[in-house]
Structure formats: structure tokens, C-alpha cells
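Worksheet: one structure, shown below.
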Amino acid sequence: MTGYLKLYDESTVKEICSYRAGELKAWQSMALLDARDNIQQALADALQFGMRFVLLGICEDIGPRANLGNGGAQHAWPAFLKRFLNQPHNDAIAMQKVLLLGEVNLDDLMQQALPLDNHNPNDLAQLRKLCAEIDERVEAILDMVFKAGLEPIVIGGGHNNCLGIIRSLAKYNLGAINAINLDPHADFRECEGRHSGNGFSYAYQEQLLNNYHVIGLHELKNNQPIFDAMQSASFSYTSYQTINVKREINLTEATANALKEFDNTPLGVEVDLDSLTNMPASAFNYCGFDVSDGEHYVYLAASDPRSAYLHLCEAAPSQHPHSITAGKLQCGQVISALVNTYLQTKLSL
């Protein structure tokens, strides 16, 4: 289990951290886990020492590629870290309650996936098998986090990783959970082998998902079987067209209405970064929400006391139309803004 974790220490992040005289940076206030200790015990101790949130990265693009999509999602976590760790620390967020844990160790799986062509049926099948192996590793790491009573913020990779998170939280909860998702896609495709487009389908099939609502689902970016499957499961959505085109309801009302429909079980807060306009993502989107809309959605969801984790996925710096360097800058800033919103909201409750 612990072999699935790349535990960060000071030497891991030192190269990307900056200093400025007279200014405290976020990385100087956050905690790292002592690698010499038993990880499960160290996480439990972290809670006792005042830690509340755990930052965990997932550096993979196997899930999106297994969904016949574009790669590049493995670069989102390092882009985030470089921006987030070097932002100024002040009283707005108690960074001393944040633990930088590390990332899920997927180097071997990414190496196996490297030569695979998702347009080749045999290679596609192999990508989907690798995606299922990612599920197991994500679940194993999240098991330790939830067992310790800490709240994870999971960043990077494809939306396939929702399944490992949901499996773990449902196990900790001893029952199915709820999820709200800002996403133009329902990610409720058929269970045809694991990929980024069917994490919630598998969670439902495994009886881990009690209720599920998609905010901003695009009426023309989901096939009819997806709508039929959502209806059959009694899951719901508020479409992008309803919010941004017809303006029949605003984002605040749509999110608030969805939150009212959930029972008292834990709530997963999901954000697919391709819900945001011009965001470098696995599925680049010119017709989406503004970054401030994404921040507002996270604020509303995090304000709900049932919210149990934040999952930010599908950002892919290499999909920026100009350069991967520009993509890393944009992804780093936007993901940091969403994480800051979640932390600031949670810590104010």
C-alpha cells in the first residue's frame, strides 16, 4: 500500500520553491510527513497536531487516453505545485493546517502506457486495464487519508480517478456517498473497461454512489445512452444551456438547488477543468464557465458541511494552443485559485 505513494520531503520540493526576504511563502507554512514513520500512524499524528487537509497529486493521462481523448493531464500537478507553494502566506488561509503528502506512484504504469495508441483496439484495451490499476492505487492511498480523519484535495490526472476516491470514501463511510460535479460531461458512459468517461458509472454499478448531480452538463456533448443511464439511475443535472444560454437559472441557484437534494451522507466535490472556457484540458472547451464561476461553485460546495473532498482533474498544460509553458502557467494559477477557495471557505466554517 505505502509503495503506491511517492512521499514528499523537503528535497522533493526544494527545487521549485522560492524565497523572498521579509515574505513568508505558502510552502514555508505547510507540513510534510516524516518518511521514517509509519505512514498511517504519521497521518493520524498529523491530525492531532492540527493538520486538516491533505494535498495529493496524480500524474497520469492514461484515463483520458483510454477514453479516446488527449494526453497531457500528468503535467497538471507539478504546474499547480510551482504556483501554489510559492504564493505569499498570510492570515487569509491557515496553511499550517495543510499537509503536502506527495503523489500516487504511477511511474511504471505511465511507462507501460507510453507506446500505446488509443486508436488501436488492442492498445486501447491495455490502456483500460492500466486505468483499472490506477484505481486500485488511488483507493489505497485515499484509504489511509480518510482513515486518519483528514480531508483530501486531489489534483491532476483524468476524471477516471473519481472512482478510487469514491470507493475509499464509501468504505470509510460504510455506505454509498453523494457527488456534485462541475462538468460539461456526465462521465456516465457504459462500463466498457475503465477510462475517464465512466468513473461515476462504475461507482453507481458498485453501489457506491447514492446521488449524483452534474452542474453545467452540455446538452450536445453527451450521447443519448448517457442521458438514458442518468435517468435510469435517478441522477440529475442542470445543463450549461439552462444556466449560460437560456439564463433560466444562475450558477448560484443551480448549485444551491442541487445541494438541497442530497441527504446527510458525505459529499464529493468534483471539478473537471474542461468546464472552464479556454482552459488547457484533455477536452479543450471554448464554450464554458469563467474561472470566477468555477471558484464560486467551489465556494458553494465547500460551504456545505457534508463536503468531504475536492477533486480537480483533466487539466492538461500541453493542450494550450501556444505552448506547454503557457499551459503550465495557466493551469498552475487556475488550480491554485480553486484550491485556495476550497481552503479559505472550509477554514471559515
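Convention: chains lettered A, B, ... in C-alpha cells order; per-chain residue numbering from 1; ligands numbered from 1 as shown.
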
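Neighbouring residues of Lys25 (chain A) at 9 Å or closer, counting only C-alpha atoms and skipping chain neighbours under 2 positions away, are Cys17, Ser18, Tyr19, Arg20, Glu23, Trp27, Gln28, Ser29, Leu85, Asn86, Gln87, Pro88, His89 and Asn90 of chain A.
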
Store the residues picked out above in a file with N, CA, C and O atoms, as a short mmCIF file (atom, residue, chain, number, x, y, z; two decimals), in the first residue's frame.
```cif
data_model
loop_
_atom_site.label_atom_id
_atom_site.label_comp_id
_atom_site.auth_asym_id
_atom_site.auth_seq_id
_atom_site.Cartn_x
_atom_site.Cartn_y
_atom_site.Cartn_z
N CYS A 17 10.77 25.69 -5.04
CA CYS A 17 10.38 26.68 -4.05
C CYS A 17 11.28 27.91 -4.12
O CYS A 17 12.49 27.80 -4.31
N SER A 18 10.69 29.07 -3.95
CA SER A 18 11.44 30.32 -4.00
C SER A 18 11.41 31.02 -2.64
O SER A 18 10.57 30.72 -1.79
N TYR A 19 12.34 31.94 -2.47
CA TYR A 19 12.45 32.72 -1.25
C TYR A 19 12.32 34.20 -1.59
O TYR A 19 12.68 34.63 -2.68
N ARG A 20 11.84 34.97 -0.61
CA ARG A 20 11.86 36.42 -0.74
C ARG A 20 12.02 37.02 0.66
O ARG A 20 11.25 36.67 1.57
N GLU A 23 9.16 38.01 3.40
CA GLU A 23 7.88 37.44 2.95
C GLU A 23 7.87 35.94 3.21
O GLU A 23 8.80 35.23 2.86
N TRP A 27 4.74 27.41 1.09
CA TRP A 27 5.49 26.18 1.37
C TRP A 27 6.20 26.23 2.71
O TRP A 27 6.47 25.18 3.32
N GLN A 28 6.51 27.43 3.20
CA GLN A 28 7.20 27.57 4.47
C GLN A 28 6.28 27.39 5.67
O GLN A 28 6.74 27.25 6.80
N SER A 29 4.97 27.38 5.40
CA SER A 29 3.99 27.23 6.48
C SER A 29 3.34 25.85 6.50
O SER A 29 2.76 25.44 7.49
N LEU A 85 2.79 26.59 -4.03
CA LEU A 85 3.76 26.60 -2.94
C LEU A 85 4.47 27.94 -2.80
O LEU A 85 4.91 28.30 -1.70
N ASN A 86 4.55 28.69 -3.90
CA ASN A 86 5.28 29.95 -3.88
C ASN A 86 4.40 31.19 -3.71
O ASN A 86 4.90 32.32 -3.78
N GLN A 87 3.11 30.99 -3.47
CA GLN A 87 2.27 32.16 -3.22
C GLN A 87 2.53 32.68 -1.82
O GLN A 87 2.93 31.93 -0.92
N PRO A 88 2.37 33.97 -1.58
CA PRO A 88 2.61 34.53 -0.25
C PRO A 88 1.66 33.94 0.78
O PRO A 88 0.49 33.66 0.48
N HIS A 89 2.18 33.71 1.97
CA HIS A 89 1.34 33.23 3.06
C HIS A 89 0.94 34.40 3.95
O HIS A 89 1.79 35.23 4.32
N ASN A 90 -0.35 34.48 4.27
CA ASN A 90 -0.82 35.50 5.21
C ASN A 90 -1.98 34.92 6.01
O ASN A 90 -2.26 33.72 5.94
#
```

**OP:** Can you pull out every residue within 9 Å of Thr238 (chain A), counting only C-alpha atoms, but drop anything in the same chain fewer than 3 positions away, and send it as a ChimeraX atom specification?
**Re:** /A:213-218,241-243,254-255,258

Can you write out the residues you just picked, keeping C-alpha atoms, as a compact mmCIF listing (two decimals), in the first residue's frame?
```txt
# COMPACT_ATOMS: atom_id res chain seq x y z
CA HIS A 213 -25.73 15.88 -9.86
CA VAL A 214 -23.85 17.50 -12.74
CA ILE A 215 -23.68 21.28 -12.94
CA GLY A 216 -23.13 22.71 -16.41
CA LEU A 217 -23.64 19.49 -18.36
CA HIS A 218 -23.60 20.35 -22.05
CA GLN A 241 -27.68 25.75 -21.78
CA THR A 242 -30.09 26.31 -18.89
CA ILE A 243 -27.52 28.36 -16.95
CA ALA A 254 -28.35 25.77 -9.71
CA THR A 255 -25.67 24.70 -7.23
CA ALA A 258 -28.58 20.60 -6.22
```

Subject >> Between CA of Met279 (chain A) and CA of Gly327 (chain A) - distance in Å to one decimal >> reply: 8.4 Å

Subject >> alpha helix (DSSP H) residues, from DSSP on the backbone, in region 155-221 of chain A, as a ChimeraX atom specification >> reply: /A:162-173,199-205

Please produce a file of the residues just selected, as a tab-separated table (two decimals), in the first residue's frame, where the atoms kept are N, CA and C atoms.
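Contents of result34.tsv, freshly written:
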```tsv
chain	number	residue	atom	x	y	z
A	162	CYS	N	-11.94	9.69	-10.03
A	162	CYS	CA	-13.06	9.83	-9.08
A	162	CYS	C	-13.44	8.49	-8.49
A	163	LEU	N	-13.27	7.40	-9.25
A	163	LEU	CA	-13.70	6.10	-8.77
A	163	LEU	C	-12.90	5.65	-7.55
A	164	GLY	N	-11.58	5.78	-7.61
A	164	GLY	CA	-10.76	5.39	-6.46
A	164	GLY	C	-11.09	6.21	-5.23
A	165	ILE	N	-11.35	7.49	-5.43
A	165	ILE	CA	-11.70	8.37	-4.30
A	165	ILE	C	-13.05	7.96	-3.72
A	166	ILE	N	-14.03	7.75	-4.59
A	166	ILE	CA	-15.37	7.38	-4.13
A	166	ILE	C	-15.36	6.02	-3.43
A	167	ARG	N	-14.63	5.08	-3.99
A	167	ARG	CA	-14.52	3.77	-3.34
A	167	ARG	C	-14.00	3.91	-1.91
A	168	SER	N	-12.98	4.72	-1.76
A	168	SER	CA	-12.35	4.88	-0.45
A	168	SER	C	-13.28	5.59	0.53
A	169	LEU	N	-13.90	6.69	0.08
A	169	LEU	CA	-14.79	7.43	0.97
A	169	LEU	C	-16.01	6.60	1.36
A	170	ALA	N	-16.55	5.83	0.40
A	170	ALA	CA	-17.70	4.96	0.71
A	170	ALA	C	-17.32	3.90	1.73
A	171	LYS	N	-16.09	3.40	1.62
A	171	LYS	CA	-15.60	2.41	2.58
A	171	LYS	C	-15.50	3.03	3.98
A	172	TYR	N	-14.97	4.24	4.03
A	172	TYR	CA	-14.83	4.96	5.30
A	172	TYR	C	-16.21	5.30	5.87
A	173	ASN	N	-17.15	5.61	4.97
A	173	ASN	CA	-18.50	5.99	5.39
A	173	ASN	C	-19.37	4.79	5.69
A	199	GLY	N	-16.15	6.87	-14.73
A	199	GLY	CA	-15.89	6.69	-13.30
A	199	GLY	C	-17.15	6.67	-12.46
A	200	PHE	N	-18.08	7.55	-12.77
A	200	PHE	CA	-19.32	7.60	-11.99
A	200	PHE	C	-20.25	6.44	-12.34
A	201	SER	N	-20.15	5.93	-13.57
A	201	SER	CA	-20.93	4.75	-13.95
A	201	SER	C	-20.50	3.55	-13.13
A	202	TYR	N	-19.19	3.36	-13.02
A	202	TYR	CA	-18.68	2.24	-12.23
A	202	TYR	C	-19.02	2.41	-10.75
A	203	ALA	N	-18.93	3.64	-10.26
A	203	ALA	CA	-19.28	3.88	-8.86
A	203	ALA	C	-20.74	3.53	-8.60
A	204	TYR	N	-21.60	3.87	-9.54
A	204	TYR	CA	-23.02	3.52	-9.40
A	204	TYR	C	-23.22	2.02	-9.50
A	205	GLN	N	-22.55	1.39	-10.45
A	205	GLN	CA	-22.67	-0.07	-10.62
A	205	GLN	C	-22.23	-0.80	-9.37
```

Subject >> Close residues, region 101-115 of chain A itself excluded, 9 Å, only C-alpha atoms, min 5 positions apart in chain, as a PyMOL selection string >> reply: chain A and resi 3-9+31-33+54-62+77+123+126-127+130-131+133-134+137-138+141

Original post:
Which of these, A:Pro152, A:Pro78, A:Gly71, A:Pro305, has the shortest distance to Val339 (chain A) once you count only C-alpha atoms?
Top reply: A:Pro152

Original post:
Residues at most 9 Å from Leu343 (chain A), counting only C-alpha atoms, excluding those fewer than 4 positions away in the same chain, as number ranges by chain?
Top reply: A: 53, 93-95, 98, 302, 338-339, 347-348

What would the file look like if the residues just selected were written as a PDB file, in the first residue's frame with N, CA, C and O atoms?
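Saved to selection.pdb:
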```
ATOM      1  N   PHE A  53      -6.105  19.198   6.110  1.00  0.00           N
ATOM      2  CA  PHE A  53      -6.216  18.922   4.673  1.00  0.00           C
ATOM      3  C   PHE A  53      -4.943  18.260   4.158  1.00  0.00           C
ATOM      4  O   PHE A  53      -3.842  18.560   4.621  1.00  0.00           O
ATOM      5  N   ILE A  93      -5.429  32.378   4.822  1.00  0.00           N
ATOM      6  CA  ILE A  93      -5.542  30.919   4.859  1.00  0.00           C
ATOM      7  C   ILE A  93      -4.525  30.373   5.850  1.00  0.00           C
ATOM      8  O   ILE A  93      -3.340  30.712   5.790  1.00  0.00           O
ATOM      9  N   ALA A  94      -4.982  29.505   6.746  1.00  0.00           N
ATOM     10  CA  ALA A  94      -4.083  28.884   7.726  1.00  0.00           C
ATOM     11  C   ALA A  94      -3.370  27.702   7.076  1.00  0.00           C
ATOM     12  O   ALA A  94      -3.775  26.543   7.219  1.00  0.00           O
ATOM     13  N   MET A  95      -2.304  27.988   6.335  1.00  0.00           N
ATOM     14  CA  MET A  95      -1.583  26.950   5.612  1.00  0.00           C
ATOM     15  C   MET A  95      -0.945  25.914   6.538  1.00  0.00           C
ATOM     16  O   MET A  95      -0.592  24.814   6.096  1.00  0.00           O
ATOM     17  N   VAL A  98      -2.412  22.511   6.412  1.00  0.00           N
ATOM     18  CA  VAL A  98      -2.336  21.789   5.145  1.00  0.00           C
ATOM     19  C   VAL A  98      -1.089  20.914   5.118  1.00  0.00           C
ATOM     20  O   VAL A  98       0.022  21.388   5.388  1.00  0.00           O
ATOM     21  N   ALA A 302     -18.021  23.825  -1.017  1.00  0.00           N
ATOM     22  CA  ALA A 302     -17.196  23.724   0.187  1.00  0.00           C
ATOM     23  C   ALA A 302     -17.921  24.263   1.419  1.00  0.00           C
ATOM     24  O   ALA A 302     -17.623  23.858   2.543  1.00  0.00           O
ATOM     25  N   LEU A 338      -8.656  27.593  -7.303  1.00  0.00           N
ATOM     26  CA  LEU A 338      -9.728  26.704  -6.845  1.00  0.00           C
ATOM     27  C   LEU A 338      -9.389  26.077  -5.496  1.00  0.00           C
ATOM     28  O   LEU A 338     -10.256  25.962  -4.618  1.00  0.00           O
ATOM     29  N   VAL A 339      -8.140  25.688  -5.325  1.00  0.00           N
ATOM     30  CA  VAL A 339      -7.707  25.128  -4.041  1.00  0.00           C
ATOM     31  C   VAL A 339      -7.778  26.189  -2.948  1.00  0.00           C
ATOM     32  O   VAL A 339      -8.260  25.928  -1.827  1.00  0.00           O
ATOM     33  N   LEU A 347     -12.043  26.697   6.056  1.00  0.00           N
ATOM     34  CA  LEU A 347     -11.447  27.189   7.306  1.00  0.00           C
ATOM     35  C   LEU A 347     -12.275  28.307   7.939  1.00  0.00           C
ATOM     36  O   LEU A 347     -12.039  28.659   9.098  1.00  0.00           O
ATOM     37  N   SER A 348     -13.222  28.853   7.195  1.00  0.00           N
ATOM     38  CA  SER A 348     -14.075  29.909   7.746  1.00  0.00           C
ATOM     39  C   SER A 348     -15.353  29.356   8.371  1.00  0.00           C
ATOM     40  O   SER A 348     -16.113  30.106   8.996  1.00  0.00           O
TER      41      SER A 348
END
```

Original post:
Pick from A:Gly268, A:Pro321, A:Gly158, A:Gly197: nearest to Gly72 (chain A), with only C-alpha atoms counted?
Top reply: A:Gly158

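Candidate residues A:Phe284, A:Tyr299, A:Phe146, A:Phe188 were compared for distance to Asn160 (chain A), and the nearest is A:Phe188, using only C-alpha atoms.
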
Subject >> Non-local contacts of Asn118 (chain A) (8 Å; only C-alpha atoms; under 3 positions in same chain excluded) as a PyMOL selection string >> reply: chain A and resi 65-66+68+121+123-124+127

Export of prior selection with C-alpha atoms as a PDB file, in the first residue's frame:
```pdb
ATOM      1  CA  ARG A  65      -6.320   8.382 -23.452  1.00  0.00           C
ATOM      2  CA  ALA A  66      -8.322   5.246 -22.587  1.00  0.00           C
ATOM      3  CA  LEU A  68     -10.121   8.099 -26.778  1.00  0.00           C
ATOM      4  CA  PRO A 121      -8.150  -1.740 -30.336  1.00  0.00           C
ATOM      5  CA  ASP A 123      -3.691  -0.937 -27.234  1.00  0.00           C
ATOM      6  CA  LEU A 124      -6.949   0.679 -26.132  1.00  0.00           C
ATOM      7  CA  LEU A 127      -4.879   1.338 -21.582  1.00  0.00           C
TER       8      LEU A 127
END
```

For the structure I just gave you, how does DSSP split region 26-93 of chain A - specifically, which residues are strand (DSSP E)? Reply as a PDB file with all heavy atoms, in the first residue's frame.
```
ATOM      1  N   ALA A  31       3.054  21.588   6.084  1.00  0.00           N
ATOM      2  CA  ALA A  31       3.772  20.473   6.704  1.00  0.00           C
ATOM      3  C   ALA A  31       4.060  19.384   5.677  1.00  0.00           C
ATOM      4  O   ALA A  31       3.347  19.224   4.687  1.00  0.00           O
ATOM      5  CB  ALA A  31       2.944  19.895   7.853  1.00  0.00           C
ATOM      6  N   LEU A  32       5.136  18.641   5.950  1.00  0.00           N
ATOM      7  CA  LEU A  32       5.470  17.435   5.204  1.00  0.00           C
ATOM      8  C   LEU A  32       5.468  16.270   6.175  1.00  0.00           C
ATOM      9  O   LEU A  32       5.703  16.448   7.379  1.00  0.00           O
ATOM     10  CB  LEU A  32       6.839  17.570   4.538  1.00  0.00           C
ATOM     11  CG  LEU A  32       6.957  18.617   3.426  1.00  0.00           C
ATOM     12  CD1 LEU A  32       8.417  18.967   3.172  1.00  0.00           C
ATOM     13  CD2 LEU A  32       6.303  18.115   2.150  1.00  0.00           C
ATOM     14  N   PHE A  53      -6.105  19.198   6.110  1.00  0.00           N
ATOM     15  CA  PHE A  53      -6.216  18.922   4.673  1.00  0.00           C
ATOM     16  C   PHE A  53      -4.943  18.260   4.158  1.00  0.00           C
ATOM     17  O   PHE A  53      -3.842  18.560   4.621  1.00  0.00           O
ATOM     18  CB  PHE A  53      -6.461  20.216   3.894  1.00  0.00           C
ATOM     19  CG  PHE A  53      -7.649  20.988   4.381  1.00  0.00           C
ATOM     20  CD1 PHE A  53      -7.489  22.051   5.264  1.00  0.00           C
ATOM     21  CD2 PHE A  53      -8.935  20.657   3.976  1.00  0.00           C
ATOM     22  CE1 PHE A  53      -8.575  22.762   5.730  1.00  0.00           C
ATOM     23  CE2 PHE A  53     -10.028  21.359   4.438  1.00  0.00           C
ATOM     24  CZ  PHE A  53      -9.856  22.417   5.311  1.00  0.00           C
ATOM     25  N   VAL A  54      -5.121  17.390   3.183  1.00  0.00           N
ATOM     26  CA  VAL A  54      -4.006  16.687   2.562  1.00  0.00           C
ATOM     27  C   VAL A  54      -4.002  16.971   1.066  1.00  0.00           C
ATOM     28  O   VAL A  54      -5.011  16.780   0.383  1.00  0.00           O
ATOM     29  CB  VAL A  54      -4.105  15.166   2.802  1.00  0.00           C
ATOM     30  CG1 VAL A  54      -3.098  14.416   1.944  1.00  0.00           C
ATOM     31  CG2 VAL A  54      -3.903  14.841   4.274  1.00  0.00           C
ATOM     32  N   LEU A  55      -2.867  17.438   0.550  1.00  0.00           N
ATOM     33  CA  LEU A  55      -2.705  17.635  -0.891  1.00  0.00           C
ATOM     34  C   LEU A  55      -2.077  16.393  -1.496  1.00  0.00           C
ATOM     35  O   LEU A  55      -1.008  15.948  -1.063  1.00  0.00           O
ATOM     36  CB  LEU A  55      -1.813  18.842  -1.173  1.00  0.00           C
ATOM     37  CG  LEU A  55      -2.373  20.226  -0.797  1.00  0.00           C
ATOM     38  CD1 LEU A  55      -1.316  21.297  -1.063  1.00  0.00           C
ATOM     39  CD2 LEU A  55      -3.630  20.536  -1.586  1.00  0.00           C
ATOM     40  N   LEU A  56      -2.746  15.828  -2.503  1.00  0.00           N
ATOM     41  CA  LEU A  56      -2.270  14.611  -3.153  1.00  0.00           C
ATOM     42  C   LEU A  56      -2.328  14.786  -4.668  1.00  0.00           C
ATOM     43  O   LEU A  56      -3.360  15.192  -5.213  1.00  0.00           O
ATOM     44  CB  LEU A  56      -3.126  13.410  -2.737  1.00  0.00           C
ATOM     45  CG  LEU A  56      -2.764  12.072  -3.389  1.00  0.00           C
ATOM     46  CD1 LEU A  56      -1.403  11.573  -2.895  1.00  0.00           C
ATOM     47  CD2 LEU A  56      -3.853  11.031  -3.106  1.00  0.00           C
ATOM     48  N   GLY A  57      -1.243  14.471  -5.344  1.00  0.00           N
ATOM     49  CA  GLY A  57      -1.185  14.595  -6.787  1.00  0.00           C
ATOM     50  C   GLY A  57      -1.336  13.264  -7.503  1.00  0.00           C
ATOM     51  O   GLY A  57      -0.966  12.211  -6.966  1.00  0.00           O
TER      52      GLY A  57
END
```

Subject >> Residue nearest Cys331 (chain A) among A:Gln74, A:Asn161, A:Gln207, A:Gln40 (counting only C-alpha atoms) >> reply: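 Comparing A:Gln74, A:Asn161, A:Gln207, A:Gln40 against Cys331 (chain A), the winner is A:Gln74.
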
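Closest to Phe262 (chain A) among A:Ser292, A:Thr341, A:Asn222, A:Asn178 is A:Asn178, based on only C-alpha atoms.
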
Original post:
So which one's closest to Val154 (chain A), A:Phe84, A:Tyr309, A:Tyr342, A:Tyr286? Using only C-alpha atoms, please.
Top reply: A:Tyr309

Original post:
Leaving out Gln330 (chain A) and any residue of its chain fewer than 2 positions from it, which residues lie within 8 Å of it when counting only C-alpha atoms, given as a PyMOL selection string?
Top reply: chain A and resi 279-280+317+326-328+332-334

**OP:** With a distance cut-off of 7 Å and only C-alpha atoms, select the neighbouring residues of Arg52 (chain A), excluding the residue or stretch itself and same-chain residues fewer than 4 positions from it, and output the selection as JSON, numbers by chain.
**Re:** {"A": [47, 97, 98, 150, 151]}

Atoms kept (all heavy atoms) for selection, written as a compact mmCIF listing (two decimals), in the first residue's frame:
```
# COMPACT_ATOMS: atom_id res chain seq x y z
N LEU A 47 -3.17 14.73 12.22
CA LEU A 47 -4.48 15.24 12.65
C LEU A 47 -4.39 15.79 14.07
O LEU A 47 -4.92 16.87 14.36
CB LEU A 47 -5.52 14.13 12.57
CG LEU A 47 -6.94 14.52 13.00
CD1 LEU A 47 -7.57 15.47 11.98
CD2 LEU A 47 -7.82 13.28 13.16
N LYS A 97 -2.39 24.20 8.49
CA LYS A 97 -3.34 23.08 8.58
C LYS A 97 -3.33 22.20 7.33
O LYS A 97 -4.14 21.29 7.19
CB LYS A 97 -4.75 23.61 8.83
CG LYS A 97 -4.92 24.30 10.19
CD LYS A 97 -6.36 24.71 10.42
CE LYS A 97 -6.53 25.36 11.79
NZ LYS A 97 -6.30 24.41 12.90
N VAL A 98 -2.41 22.51 6.41
CA VAL A 98 -2.34 21.79 5.15
C VAL A 98 -1.09 20.91 5.12
O VAL A 98 0.02 21.39 5.39
CB VAL A 98 -2.31 22.77 3.95
CG1 VAL A 98 -2.23 22.01 2.64
CG2 VAL A 98 -3.55 23.66 3.97
N LEU A 150 -8.50 12.87 7.87
CA LEU A 150 -8.07 14.05 7.13
C LEU A 150 -8.89 14.20 5.85
O LEU A 150 -9.51 13.25 5.37
CB LEU A 150 -6.58 13.95 6.81
CG LEU A 150 -5.65 13.96 8.03
CD1 LEU A 150 -4.26 13.46 7.65
CD2 LEU A 150 -5.57 15.35 8.63
N GLU A 151 -8.87 15.40 5.29
CA GLU A 151 -9.69 15.72 4.12
C GLU A 151 -8.79 15.92 2.90
O GLU A 151 -7.96 16.83 2.88
CB GLU A 151 -10.49 17.00 4.41
CG GLU A 151 -11.55 17.31 3.37
CD GLU A 151 -12.51 18.39 3.86
OE1 GLU A 151 -12.66 18.55 5.10
OE2 GLU A 151 -13.09 19.08 3.02
```
